[in-house]
>>> print(open('work-v1.txt').read())   # compact mmCIF, C-alpha atoms
# COMPACT_ATOMS: atom_id res chain seq x y z
CA MET A 268 80.03 37.76 -36.44
CA SER A 269 78.02 40.33 -38.25
CA GLY A 270 76.66 41.03 -41.66
CA PRO A 271 73.96 39.48 -43.82
CA LYS A 272 74.43 36.01 -42.39
CA CYS A 273 73.70 37.18 -38.86
CA ASP A 274 70.60 38.97 -40.08
CA ILE A 275 69.35 35.75 -41.65
CA PHE A 276 69.77 33.84 -38.36
CA GLU A 277 67.99 36.61 -36.46
CA LEU A 278 65.09 36.63 -38.89
CA GLU A 279 64.80 32.84 -38.67
CA ARG A 280 64.78 33.03 -34.88
CA GLN A 281 62.06 35.66 -34.92
CA ARG A 282 60.02 33.65 -37.41
CA ARG A 283 60.23 30.58 -35.21
CA GLU A 284 59.27 32.56 -32.12
CA ALA A 285 56.31 34.02 -33.98
CA GLU A 286 55.28 30.56 -35.14
CA MET A 287 55.58 29.21 -31.59
CA GLU A 288 53.49 32.11 -30.30
CA ARG A 289 50.85 31.46 -32.95
CA LEU A 290 50.74 27.77 -32.03
CA ARG A 291 50.55 28.64 -28.33
CA ARG A 292 47.59 30.94 -28.97
CA GLU A 293 45.84 28.33 -31.11
CA LEU A 294 46.29 25.71 -28.39
CA GLU A 295 45.04 28.14 -25.75
CA GLU A 296 41.99 28.93 -27.86
CA LYS A 297 41.29 25.25 -28.44
CA ARG A 298 41.62 24.63 -24.70
CA ARG A 299 39.11 27.40 -23.93
CA GLN A 300 36.73 26.08 -26.57
CA GLU A 301 37.00 22.55 -25.16
CA GLU A 302 36.34 23.78 -21.62
CA ALA A 303 33.35 25.78 -22.87
CA ARG A 304 32.03 22.70 -24.71
CA GLN A 305 32.45 20.49 -21.64
CA GLN A 306 30.73 23.04 -19.40
CA LYS A 307 27.85 23.30 -21.87
CA GLU A 308 27.46 19.52 -22.01
CA LEU A 309 27.59 19.39 -18.21
CA ARG A 310 24.86 22.04 -17.90
CA GLU A 311 22.73 20.21 -20.47
CA ALA A 312 23.25 16.89 -18.66
CA GLU A 313 22.33 18.48 -15.33
CA SER A 314 19.26 20.02 -16.94
CA ARG A 315 18.24 16.65 -18.41
CA ASP A 316 18.78 14.93 -15.05
CA PHE A 317 16.72 17.59 -13.30
CA ASN A 318 13.92 17.29 -15.85
CA GLU A 319 14.00 13.51 -15.61
CA GLN A 320 13.86 13.71 -11.82
CA GLU A 321 10.94 16.13 -12.03
CA GLU A 322 9.18 13.84 -14.49
CA ALA A 323 9.84 10.78 -12.31
CA ALA A 324 8.57 12.59 -9.21
CA PHE A 325 5.45 13.74 -11.06
CA GLU A 326 4.84 10.22 -12.36
CA GLU A 327 5.22 8.81 -8.84
CA LEU A 328 2.74 11.37 -7.53
CA LEU A 329 0.25 10.44 -10.24
CA GLN A 330 0.65 6.75 -9.39
CA LYS A 331 0.03 7.47 -5.70
CA MET A 332 -3.07 9.50 -6.54
CA TYR A 333 -4.28 6.75 -8.87
CA ARG A 334 -3.75 4.01 -6.27
CA LYS A 335 -5.48 6.10 -3.61
CA ARG A 336 -8.48 6.73 -5.85
CA GLU A 337 -8.55 3.08 -6.93
CA ARG A 338 -8.49 2.00 -3.28
CA GLN A 339 -11.32 4.41 -2.49
CA ILE A 340 -13.44 3.05 -5.34
CA VAL A 341 -12.92 -0.55 -4.24
CA ALA A 342 -13.48 0.27 -0.55
CA GLU A 343 -16.67 2.20 -1.32
CA ALA A 344 -18.01 -0.62 -3.50
CA ILE A 345 -17.25 -3.22 -0.82
CA GLU A 346 -18.73 -1.08 1.96
CA GLU A 347 -21.91 -0.41 -0.01
CA THR A 348 -22.25 -4.07 -0.98
CA MET A 349 -21.61 -5.27 2.58
CA ALA A 350 -24.21 -2.78 3.86
CA GLU A 351 -26.73 -4.08 1.32
CA MET A 352 -26.10 -7.57 2.69
CA GLY A 353 -26.55 -6.40 6.29
CA TYR A 354 -22.91 -6.18 7.41
CA ASP A 355 -21.90 -2.90 9.04
CA LEU A 356 -18.45 -1.33 8.99
CA ILE A 357 -17.21 -1.44 12.60
CA ALA A 358 -13.53 -0.48 12.28
CA ALA A 359 -11.10 0.75 9.66
CA GLN A 360 -7.51 1.78 9.15
CA GLU A 361 -6.17 3.75 6.20
CA PRO A 362 -2.46 3.73 5.27
CA ALA A 363 -0.34 6.67 6.38
CA GLU A 364 0.74 9.13 3.71
CA ASP A 365 4.37 7.98 3.97
CA ALA A 366 3.57 4.27 4.45
CA ALA A 367 5.74 1.97 2.36
CA ASP A 368 3.31 -0.98 2.23
CA ASP A 369 0.22 1.12 1.36
CA VAL A 370 -2.14 -1.28 3.19
CA SER A 371 -5.71 -0.42 4.16
CA ALA A 372 -8.00 -2.53 6.33
CA GLN A 373 -11.70 -2.57 7.15
CA VAL A 374 -13.58 -4.82 9.54
CA TYR A 375 -17.28 -5.56 9.06
CA SER A 376 -19.68 -7.20 11.46
CA PHE A 377 -20.40 -10.86 10.78
CA SER A 378 -21.71 -13.20 13.45
CA ASN A 379 -21.54 -12.53 17.19
CA GLY A 380 -18.00 -11.81 18.27
CA THR A 381 -16.59 -12.16 14.75
CA GLY A 382 -15.99 -9.89 11.80
CA ILE A 383 -14.89 -9.95 8.20
CA GLN A 384 -11.52 -8.29 7.74
CA VAL A 385 -10.99 -6.79 4.30
CA MET A 386 -7.38 -5.87 3.48
CA GLU A 387 -6.22 -4.09 0.33
CA CYS A 388 -2.64 -3.70 -0.84
CA GLY A 389 -1.45 -2.88 -4.32
CA GLY A 390 -4.82 -3.70 -5.88
CA GLN A 391 -5.04 -7.08 -4.14
CA VAL A 392 -8.00 -7.56 -1.80
CA SER A 393 -8.22 -10.34 0.77
CA MET A 394 -11.14 -11.24 3.01
CA GLU A 395 -11.16 -13.45 6.07
CA VAL A 396 -13.26 -14.13 9.14
CA VAL A 397 -11.57 -13.08 12.37
CA GLY A 398 -12.50 -13.12 16.04
CA LEU A 399 -12.90 -9.68 17.57
CA GLY A 400 -10.91 -8.92 20.69
CA THR A 401 -8.96 -6.32 22.61
CA ASN A 402 -5.53 -7.71 21.71
CA ASN A 403 -4.00 -9.65 18.83
CA ARG A 404 -3.60 -13.29 19.82
CA LEU A 405 -4.11 -16.89 18.81
CA PRO A 406 -7.50 -18.31 19.85
CA ASP A 407 -7.99 -21.19 22.23
CA GLU A 408 -9.47 -24.47 20.97
CA THR A 409 -13.09 -23.46 21.63
CA GLU A 410 -12.58 -20.22 19.74
CA ARG A 411 -10.84 -22.07 16.90
CA LEU A 412 -13.80 -24.39 16.41
CA TYR A 413 -16.26 -21.51 16.48
CA LEU A 414 -14.21 -19.45 14.03
CA GLU A 415 -13.88 -22.40 11.66
CA GLU A 416 -17.67 -22.71 11.63
CA GLN A 417 -17.99 -19.01 10.84
CA MET A 418 -15.42 -19.36 8.04
CA ALA A 419 -17.56 -22.07 6.48
CA ASP A 420 -20.66 -19.88 6.79
CA PHE A 421 -18.79 -17.03 5.11
CA CYS A 422 -18.15 -19.11 1.97
CA GLY A 423 -21.77 -18.69 0.88
CA THR A 424 -21.66 -15.03 1.83
CA TYR A 425 -18.48 -14.58 -0.19
CA GLU A 426 -19.99 -16.06 -3.33
CA GLU A 427 -22.91 -13.64 -3.11
CA LEU A 428 -20.57 -10.75 -2.30
CA GLU A 429 -18.36 -11.61 -5.28
CA ALA A 430 -21.36 -11.71 -7.62
CA ARG A 431 -22.59 -8.33 -6.39
CA LEU A 432 -19.15 -6.78 -6.71
CA GLU A 433 -18.85 -8.16 -10.24
CA GLN A 434 -22.03 -6.31 -11.10
CA ARG A 435 -20.22 -3.15 -10.01
CA GLY A 436 -17.25 -4.03 -12.21
CA ILE A 437 -14.82 -4.53 -9.34
CA VAL A 438 -13.58 -8.09 -9.72
CA ARG A 439 -12.76 -7.52 -13.36
CA THR A 440 -9.89 -5.28 -12.27
CA GLN A 441 -9.22 -6.50 -8.74
CA MET A 442 -8.08 -9.87 -7.42
CA ILE A 443 -10.37 -10.57 -4.48
CA PHE A 444 -9.77 -13.80 -2.61
CA HIS A 445 -10.31 -15.49 0.74
CA ARG A 446 -8.94 -18.59 2.42
CA LYS A 447 -10.77 -21.87 2.66
CA PRO A 448 -12.18 -22.67 6.12
CA ASP A 449 -9.46 -24.05 8.37
CA ARG A 450 -8.98 -23.58 12.09
CA LYS A 451 -5.24 -23.10 11.56
CA TYR A 452 -6.05 -19.69 10.08
CA ALA A 453 -8.14 -18.67 13.08
CA ARG A 454 -6.98 -15.57 14.91
CA ILE A 455 -8.22 -12.85 17.18
CA LEU A 456 -7.93 -9.29 15.89
CA ASN A 457 -7.44 -6.33 18.18
CA ILE A 458 -9.99 -3.87 16.87
CA SER A 459 -9.24 -1.34 19.61
CA VAL A 460 -6.18 -0.15 17.66
CA LEU A 461 -8.33 0.54 14.58
CA GLU A 462 -10.56 3.54 14.11
CA GLN A 463 -13.82 2.45 15.67
CA LYS A 464 -16.92 2.97 13.54
CA LYS A 465 -19.28 1.04 15.77
CA GLN A 466 -19.03 -0.64 19.15
CA THR A 467 -19.32 -4.43 19.04
CA GLU A 468 -18.92 -7.42 21.35
CA THR A 469 -15.71 -9.40 21.42
CA LEU A 470 -15.62 -13.12 20.69
CA GLN A 471 -14.37 -13.84 24.20
CA SER A 472 -17.36 -12.11 25.80
CA VAL A 473 -19.80 -13.91 23.49
CA LEU A 474 -18.37 -17.35 24.27
CA ARG A 475 -18.19 -16.52 27.96
CA GLN A 476 -21.91 -15.67 27.95
CA GLN A 477 -22.71 -18.88 26.08
CA LYS A 478 -20.72 -20.88 28.62
CA LYS A 479 -22.65 -19.28 31.49
CA MET A 480 -25.93 -20.13 29.77
CA ASN A 481 -24.85 -23.74 29.31
CA LYS A 482 -24.05 -23.91 33.04
CA GLY A 483 -27.40 -22.35 33.89
CA GLU A 484 -25.88 -19.31 35.55
CA SER A 485 -27.98 -16.21 35.96
CA THR A 486 -27.65 -13.80 33.04
CA ASP A 487 -29.86 -11.45 31.10
CA TYR A 488 -32.13 -14.26 29.89
CA GLY A 489 -33.88 -12.49 27.03
CA ARG A 490 -30.67 -11.08 25.65
CA ASN A 491 -28.78 -14.36 25.86
CA VAL A 492 -31.54 -16.43 24.26
CA SER A 493 -31.52 -14.03 21.32
CA LEU A 494 -27.75 -14.18 21.22
CA LEU A 495 -27.68 -17.99 21.25
CA ARG A 496 -30.24 -18.19 18.45
CA LYS A 497 -28.06 -15.96 16.31
CA MET A 498 -25.02 -18.12 17.02
CA GLN A 499 -26.72 -21.38 16.09
>>> encode(input="work-v1.txt", output="structure tokens")
Amino acid sequence: MSGPKCDIFELERQRREAEMERLRRELEEKRRQEEARQQKELREAESRDFNEQEEAAFEELLQKMYRKRERQIVAEAIEETMAEMGYDLIAAQEPAEDAADDVSAQVYSFSNGTGIQVMECGGQVSMEVVGLGTNNRLPDETERLYLEEQMADFCGTYEELEARLEQRGIVRTQMIFHRKPDRKYARILNISVLEQKKQTETLQSVLRQQKKMNKGESTDYGRNVSLLRKMQ
């Protein structure tokens, strides 16, 4: 078949092919635009995530620096106040840089063979009387009784310490507490694992010397009399 009718069919076919090609190109262009939009959003999201991570890391660093400085201020105030009251720092332990619990500890001299352990964690400060030894252990009954007596003596010391620290503005921002005297809390602290600031006698050696004196055994008389007077 030929003639005008065939020409019309051919033109219609060509028109449809052209229309299909136009639609194909439009769809391809829309696809490219959508991919470009998605890639842009992905880059922006990654950039936001990165910035948020940087901001979070910076905030965490600031918090660590703040806590460290806060701990230093409290520790310095306690150390100065304890020194004013006649208690020397004999051992200390600062938290490691990567420590999760962020705990610091200081031990101050108290009575013979005992110390005051000050622990700080997250702005909370606790104080307790401990026996000084060369290993961590539970005390025997004699040591328990002696430590309970020292805990009771520390109550008056604590009230004065608290008042002096309040004058320095510490207790307004820090929760400082200590346990009531009770032999069940008595324990012996191994100070040899802490950084030694000053050599001191252990509770075991002090009680051993007192026991010898009570039995009348030969010891350094002058030294032991002085020691016993301090313990009474």
>>> residues_near_point(input="work-v1.txt", point="(-10.9, -9.5, 3.6)", cutoff="8 Å", atoms="all atoms listed in the file", output="MDAnalysis selection string")
chainID A and resid 373 383:387 392:396 444:445
>>> closest_residue(input="work-v1.txt", among="A:Asp449, A:Glu427, A:Glu279, A:Glu327", to="Leu414 in chain A", atoms="only C-alpha atoms")
A:Asp449
>>> closest_residue(input="work-v1.txt", among="A:Asn457, A:Pro448, A:Thr381, A:Ile437", to="Ile340 in chain A", atoms="all atoms listed in the file")
A:Ile437
>>> atom_distance(input="work-v1.txt", atom1="CA of Arg280 in chain A", atom2="CA of Arg292 in chain A")
18.3 Å
>>> atom_distance(input="work-v1.txt", atom1="CA of Glu347 in chain A", atom2="CA of Glu415 in chain A")
26.2 Å
>>> atom_distance(input="work-v1.txt", atom1="CA of Phe377 in chain A", atom2="CA of Tyr354 in chain A")
6.3 Å
>>> decode(input="work-v1.txt", residues="range 279-293 of chain A", atoms="N, CA and C atoms", output="short mmCIF file (atom, residue, chain, number, x, y, z; two decimals), in the first residue's frame")
data_model
loop_
_atom_site.label_atom_id
_atom_site.label_comp_id
_atom_site.auth_asym_id
_atom_site.auth_seq_id
_atom_site.Cartn_x
_atom_site.Cartn_y
_atom_site.Cartn_z
N GLU A 279 2.66 9.55 11.72
CA GLU A 279 2.15 9.27 13.06
C GLU A 279 3.14 8.43 13.86
N ARG A 280 3.74 7.45 13.16
CA ARG A 280 4.75 6.61 13.82
C ARG A 280 5.93 7.44 14.27
N GLN A 281 6.39 8.32 13.41
CA GLN A 281 7.54 9.17 13.73
C GLN A 281 7.22 10.12 14.88
N ARG A 282 5.97 10.63 14.87
CA ARG A 282 5.57 11.54 15.94
C ARG A 282 5.57 10.81 17.29
N ARG A 283 5.04 9.59 17.26
CA ARG A 283 5.01 8.81 18.50
C ARG A 283 6.42 8.49 18.98
N GLU A 284 7.29 8.13 18.07
CA GLU A 284 8.67 7.82 18.44
C GLU A 284 9.35 9.05 19.04
N ALA A 285 9.07 10.21 18.42
CA ALA A 285 9.66 11.45 18.93
C ALA A 285 9.13 11.76 20.33
N GLU A 286 7.81 11.54 20.49
CA GLU A 286 7.21 11.78 21.80
C GLU A 286 7.78 10.83 22.85
N MET A 287 7.96 9.56 22.48
CA MET A 287 8.56 8.59 23.39
C MET A 287 9.99 8.98 23.76
N GLU A 288 10.74 9.45 22.75
CA GLU A 288 12.11 9.89 23.01
C GLU A 288 12.14 11.08 23.95
N ARG A 289 11.19 12.02 23.72
CA ARG A 289 11.13 13.19 24.61
C ARG A 289 10.81 12.77 26.04
N LEU A 290 9.84 11.87 26.18
CA LEU A 290 9.49 11.38 27.52
C LEU A 290 10.65 10.64 28.17
N ARG A 291 11.38 9.85 27.36
CA ARG A 291 12.53 9.12 27.89
C ARG A 291 13.58 10.08 28.42
N ARG A 292 13.83 11.16 27.65
CA ARG A 292 14.83 12.14 28.06
C ARG A 292 14.39 12.88 29.32
N GLU A 293 13.09 13.21 29.39
CA GLU A 293 12.58 13.89 30.58
C GLU A 293 12.74 13.00 31.82
#
